[in-house]
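Since the structure comes first, as structure tokens, the remarks are kept for the end.
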Amino acid sequence: MKKLLVGSIVMAFCSWQAAAQTYVLTDAENSVEKGNWQITSEGLKLKDANFSIEQKVLHGGKQEGSKVITITSKGLTIALSPTRGMDLLHVVGNNVRLGWDSPVKEVVNPQFINLESRNGVGWLEGFNEMMVRCGYEWTGHPVSSEGMLYTLHGRAGNTPASKVEIHVSEKAPYEITVRGLLEEKSFKKVNFETWTELRYIPGSDAFTIHDTLTNLADYAHDYQIIYHSNIGTPILEQGARFIAPYKEVTPFNEYAKKGMKEWQNYAGPTKDFDEMVFNIKPLADSQGKSLAAVINRAGDKGASIEFDTHQLPLLTMWKNTDTLKQGYVTGIEPGTNYAYPVTIEREQGRVKQLQPGQSTVFSLTYTLLGDAQAVQKTEQRIKQIQGDIKPVISETPIAKE
């Protein structure tokens with residue numbers, strides 16, 4: 001009996017250790033790379049949970065060497081790539097997908113991308129993510145200034161993580177955290193590090209992105225970030241709608257002026273439709289929280305993003321309702337700034353700065369709206385935040401490239 005008791009205690013201790021353990025998949029400093037790897041709730045002896053976490057190394061074409069981590073549960077299946085800035089590739093749940101169909105099909109390894117090609121828009125040659133981090137040293141449209149080419153949307157999304165680790169909480173509901181370290185460093189220029197986190201409770205229809213950016217240099221440095229979050233079919237369709245509480249919206253440029261009357265409504269796939277972008281000043285609740293969503297025509301499917309306006313004070317809506325093969329997609333993009341070139345954003349006072357050793361945090365919660373009740377709840381919250389405030393709808397762009 002004593003041996004059985006000791007054995008039970010040891011087994012329980014080992015099970016607790018496994019459930020609470022942090023798994024290091026990549027560590028550049030110590031030359032660690034796990035490659036193909038997997039754990040499951042069953043393997044962790046968690047009888048009241050059902051999930052798996054797997055890393056795969058891809059082969060062939062321009063995705064050679066790219067890694068994908070997939071969390072699978074009864075709630076959502078979430079795929080992200082440590083090779084591509086810890087960005088989210090796609091999320092699926094309740095027969096609804098968050099993501100889109102880009103002409104770029106592979107998870108392109110950044111070693112095959114030249115960000116300076118095509119006059120600074122080489123970034124597009126890997127662009128197919130559900131969520132890509134645009135930043136952190138700069139973001140926005142490309143521009144040359146003082147001898148430097150600021151390429152489209154910065155470097156973070158094409159920066160492989162220097163460290164990747166996975167943690168499973170020791171107690172129910174067994175929150176899973178996938179952490180990745182992105183380093184933007186250059187002699188004399190920048191010394192940024194960003195710890196990215198994806199936090200997910202298995203079975204839930206929502207997950208949180210929690211990122212911490214730190215300036216490790218002895219000098220202050222500008223920073224920008226836009227969380228470029230992209231949604232296509234089946235949510236995006238003829239008659240789908242964008243909803244958000246806002247105090248002002250302006251067209252990004254002269255072309256977007258043509259779409260101001262229907263800026264919150266989506267057309268079906270339309271040949272020769274160029275992208276339209278709208279700059280939004282969001283409203284927030286008493287805690288500074290705002291949200292935006294895209295919902296389908298029937299109002300029974302959608303996706304929402306909650307964000308903190310103290311961290312991300314501005315919102316961009318990107319409409320690209322071109323043909324399906326060309327890339328039929330819309331973007332909800334909370335950020336510190338709009339997508340104009342960094343020179344314009346600096347002139348208009350929307351570029352932020354970190355002092356030496358200073359850190360800043362960005363937190364966003366993505367929710368898959370799987371039925372009419374979830375959609376109605378989101379719409380009601382947006383109406384509550386909007387209140388009696390009548391938004392200003394301007395037809396004058398705030399800047400010209």
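A note on labels: chains of the structure tokens are A, B, ... as shown, every chain counts residues from 1, and ligands are counted from 1 in their shown order.
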Could you give me, as CSV, every stretch 13-114 of chain A residue with an atom at most 10 Å from stretch 147-155 of chain A, plus its closest atom pair and distance in Å to one decimal, counting only C-alpha atoms, rows ordered by chain then number?
residue,atom,partner,partner_atom,distance
A:Arg84,CA,A:Arg155,CA,9.9
A:Gly85,CA,A:Arg155,CA,8.7
A:Pro110,CA,A:Arg155,CA,9.9
A:Asn114,CA,A:Thr151,CA,9.9
Writing out the chosen residues with N, CA, C and O atoms as an mmCIF file, in the first residue's frame:
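Contents of part33.cif, freshly written:
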data_model
loop_
_atom_site.group_PDB
_atom_site.id
_atom_site.type_symbol
_atom_site.label_atom_id
_atom_site.label_comp_id
_atom_site.auth_asym_id
_atom_site.auth_seq_id
_atom_site.Cartn_x
_atom_site.Cartn_y
_atom_site.Cartn_z
ATOM 1 N N ARG A 84 7.485 33.821 -39.733
ATOM 2 C CA ARG A 84 6.927 35.060 -40.259
ATOM 3 C C ARG A 84 6.412 35.934 -39.117
ATOM 4 O O ARG A 84 5.218 36.227 -39.020
ATOM 5 N N GLY A 85 7.310 36.311 -38.224
ATOM 6 C CA GLY A 85 7.000 37.297 -37.204
ATOM 7 C C GLY A 85 5.956 36.882 -36.188
ATOM 8 O O GLY A 85 5.304 37.737 -35.582
ATOM 9 N N PRO A 110 11.063 34.325 -45.101
ATOM 10 C CA PRO A 110 11.589 35.673 -45.382
ATOM 11 C C PRO A 110 12.917 35.695 -46.125
ATOM 12 O O PRO A 110 13.250 36.703 -46.759
ATOM 13 N N ASN A 114 12.703 40.019 -50.793
ATOM 14 C CA ASN A 114 13.477 41.261 -50.789
ATOM 15 C C ASN A 114 12.490 42.397 -50.559
ATOM 16 O O ASN A 114 11.746 42.781 -51.462
#
Hey, what's within 12 Å of stretch 269-272 of chain A if we count only C-alpha atoms and toss same-chain stuff fewer than 2 positions away? As a PyMOL selection string, please? chain A and resi 232-233+236-240+266-267+274-275+319-330
Using only C-alpha atoms, which residue out of A:Lys163, A:Lys188, A:Arg199, A:Arg346 lies closest to A:Ile176?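 Of A:Lys163, A:Lys188, A:Arg199, A:Arg346, the one nearest A:Ile176 is A:Arg199, counting only C-alpha atoms.
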Quick one: contact table of stretch 177-220 of chain A to stretch 88-109 of chain A, 12 Å max, nearest atom pair and distance in Å to one decimal per residue, counting only C-alpha atoms, chain and number order, as a tab-separated table?
residue	atom	partner	partner_atom	distance
A:Val178	CA	A:Leu88	CA	11.5
A:Thr196	CA	A:Leu88	CA	11.5
A:Glu197	CA	A:Leu88	CA	11.3
A:Leu198	CA	A:Leu88	CA	9.3
A:Tyr200	CA	A:Val91	CA	11.9
A:Pro202	CA	A:Gly93	CA	11.7
A:Gly203	CA	A:Gly93	CA	9.7
A:Ser204	CA	A:Gly93	CA	9.6
A:Asp205	CA	A:Gly93	CA	7.4
A:Ala206	CA	A:Gly93	CA	10.0
A:Phe207	CA	A:Val91	CA	10.1
A:Thr208	CA	A:Leu88	CA	11.6
A:Ile209	CA	A:Leu88	CA	10.0
Residues of the last selection are to be written out with all heavy atoms, as an mmCIF file, in the first residue's frame.
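part-v8.cif, written as the output of this step:
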data_model
loop_
_atom_site.group_PDB
_atom_site.id
_atom_site.type_symbol
_atom_site.label_atom_id
_atom_site.label_comp_id
_atom_site.auth_asym_id
_atom_site.auth_seq_id
_atom_site.Cartn_x
_atom_site.Cartn_y
_atom_site.Cartn_z
ATOM 1 N N VAL A 178 1.600 30.955 -26.414
ATOM 2 C CA VAL A 178 2.704 30.788 -27.363
ATOM 3 C C VAL A 178 3.453 32.114 -27.395
ATOM 4 O O VAL A 178 2.901 33.144 -27.782
ATOM 5 C CB VAL A 178 2.189 30.427 -28.772
ATOM 6 C CG1 VAL A 178 3.369 30.222 -29.720
ATOM 7 C CG2 VAL A 178 1.317 29.184 -28.725
ATOM 8 N N THR A 196 6.135 38.661 -28.256
ATOM 9 C CA THR A 196 4.754 38.461 -28.682
ATOM 10 C C THR A 196 4.152 37.304 -27.900
ATOM 11 O O THR A 196 4.840 36.348 -27.562
ATOM 12 C CB THR A 196 4.677 38.133 -30.179
ATOM 13 O OG1 THR A 196 5.188 36.817 -30.404
ATOM 14 C CG2 THR A 196 5.492 39.135 -31.006
ATOM 15 N N GLU A 197 2.867 37.409 -27.635
ATOM 16 C CA GLU A 197 2.170 36.310 -26.967
ATOM 17 C C GLU A 197 0.810 36.088 -27.616
ATOM 18 O O GLU A 197 0.079 37.046 -27.866
ATOM 19 C CB GLU A 197 1.959 36.593 -25.475
ATOM 20 C CG GLU A 197 3.220 36.603 -24.647
ATOM 21 C CD GLU A 197 2.924 36.711 -23.152
ATOM 22 O OE1 GLU A 197 1.729 36.788 -22.780
ATOM 23 O OE2 GLU A 197 3.878 36.738 -22.355
ATOM 24 N N LEU A 198 0.491 34.841 -27.873
ATOM 25 C CA LEU A 198 -0.872 34.436 -28.195
ATOM 26 C C LEU A 198 -1.396 33.647 -27.011
ATOM 27 O O LEU A 198 -0.775 32.659 -26.603
ATOM 28 C CB LEU A 198 -0.916 33.578 -29.466
ATOM 29 C CG LEU A 198 -2.320 33.118 -29.876
ATOM 30 C CD1 LEU A 198 -2.485 33.151 -31.390
ATOM 31 C CD2 LEU A 198 -2.643 31.706 -29.358
ATOM 32 N N TYR A 200 -4.600 31.553 -25.388
ATOM 33 C CA TYR A 200 -5.835 30.888 -25.789
ATOM 34 C C TYR A 200 -6.258 29.850 -24.755
ATOM 35 O O TYR A 200 -5.448 29.042 -24.311
ATOM 36 C CB TYR A 200 -5.672 30.206 -27.149
ATOM 37 C CG TYR A 200 -6.910 29.469 -27.587
ATOM 38 C CD1 TYR A 200 -8.107 30.153 -27.811
ATOM 39 C CD2 TYR A 200 -6.905 28.084 -27.756
ATOM 40 C CE1 TYR A 200 -9.257 29.488 -28.203
ATOM 41 C CE2 TYR A 200 -8.051 27.405 -28.162
ATOM 42 C CZ TYR A 200 -9.231 28.115 -28.374
ATOM 43 O OH TYR A 200 -10.370 27.455 -28.753
ATOM 44 N N PRO A 202 -8.389 26.602 -24.381
ATOM 45 C CA PRO A 202 -8.978 25.587 -25.257
ATOM 46 C C PRO A 202 -10.496 25.525 -25.109
ATOM 47 O O PRO A 202 -11.034 25.552 -23.996
ATOM 48 C CB PRO A 202 -8.312 24.286 -24.774
ATOM 49 C CG PRO A 202 -7.009 24.723 -24.202
ATOM 50 C CD PRO A 202 -7.287 26.049 -23.563
ATOM 51 N N GLY A 203 -11.177 25.468 -26.255
ATOM 52 C CA GLY A 203 -12.631 25.426 -26.266
ATOM 53 C C GLY A 203 -13.284 26.773 -26.433
ATOM 54 O O GLY A 203 -14.464 26.862 -26.783
ATOM 55 N N SER A 204 -12.511 27.851 -26.217
ATOM 56 C CA SER A 204 -13.059 29.200 -26.326
ATOM 57 C C SER A 204 -13.197 29.619 -27.784
ATOM 58 O O SER A 204 -12.530 29.086 -28.670
ATOM 59 C CB SER A 204 -12.154 30.181 -25.579
ATOM 60 O OG SER A 204 -12.554 31.510 -25.817
ATOM 61 N N ASP A 205 -14.065 30.618 -28.018
ATOM 62 C CA ASP A 205 -14.208 31.175 -29.366
ATOM 63 C C ASP A 205 -13.437 32.481 -29.516
ATOM 64 O O ASP A 205 -13.643 33.227 -30.469
ATOM 65 C CB ASP A 205 -15.684 31.398 -29.713
ATOM 66 C CG ASP A 205 -16.385 32.339 -28.735
ATOM 67 O OD1 ASP A 205 -15.707 32.879 -27.827
ATOM 68 O OD2 ASP A 205 -17.608 32.525 -28.863
ATOM 69 N N ALA A 206 -12.529 32.772 -28.565
ATOM 70 C CA ALA A 206 -11.749 34.012 -28.592
ATOM 71 C C ALA A 206 -10.316 33.732 -28.169
ATOM 72 O O ALA A 206 -10.030 32.754 -27.472
ATOM 73 C CB ALA A 206 -12.375 35.059 -27.681
ATOM 74 N N PHE A 207 -9.410 34.609 -28.593
ATOM 75 C CA PHE A 207 -8.018 34.529 -28.170
ATOM 76 C C PHE A 207 -7.465 35.944 -28.080
ATOM 77 O O PHE A 207 -8.029 36.891 -28.649
ATOM 78 C CB PHE A 207 -7.176 33.678 -29.140
ATOM 79 C CG PHE A 207 -7.165 34.205 -30.545
ATOM 80 C CD1 PHE A 207 -6.211 35.110 -30.972
ATOM 81 C CD2 PHE A 207 -8.123 33.793 -31.462
ATOM 82 C CE1 PHE A 207 -6.199 35.606 -32.273
ATOM 83 C CE2 PHE A 207 -8.122 34.271 -32.758
ATOM 84 C CZ PHE A 207 -7.163 35.181 -33.167
ATOM 85 N N THR A 208 -6.356 36.082 -27.374
ATOM 86 C CA THR A 208 -5.765 37.403 -27.141
ATOM 87 C C THR A 208 -4.330 37.443 -27.653
ATOM 88 O O THR A 208 -3.565 36.491 -27.478
ATOM 89 C CB THR A 208 -5.793 37.753 -25.640
ATOM 90 O OG1 THR A 208 -7.155 37.870 -25.214
ATOM 91 C CG2 THR A 208 -5.070 39.065 -25.360
ATOM 92 N N ILE A 209 -4.010 38.564 -28.290
ATOM 93 C CA ILE A 209 -2.623 38.879 -28.654
ATOM 94 C C ILE A 209 -2.125 39.896 -27.635
ATOM 95 O O ILE A 209 -2.766 40.920 -27.404
ATOM 96 C CB ILE A 209 -2.543 39.475 -30.075
ATOM 97 C CG1 ILE A 209 -3.017 38.456 -31.117
ATOM 98 C CG2 ILE A 209 -1.120 39.955 -30.381
ATOM 99 C CD1 ILE A 209 -2.161 37.225 -31.228
#
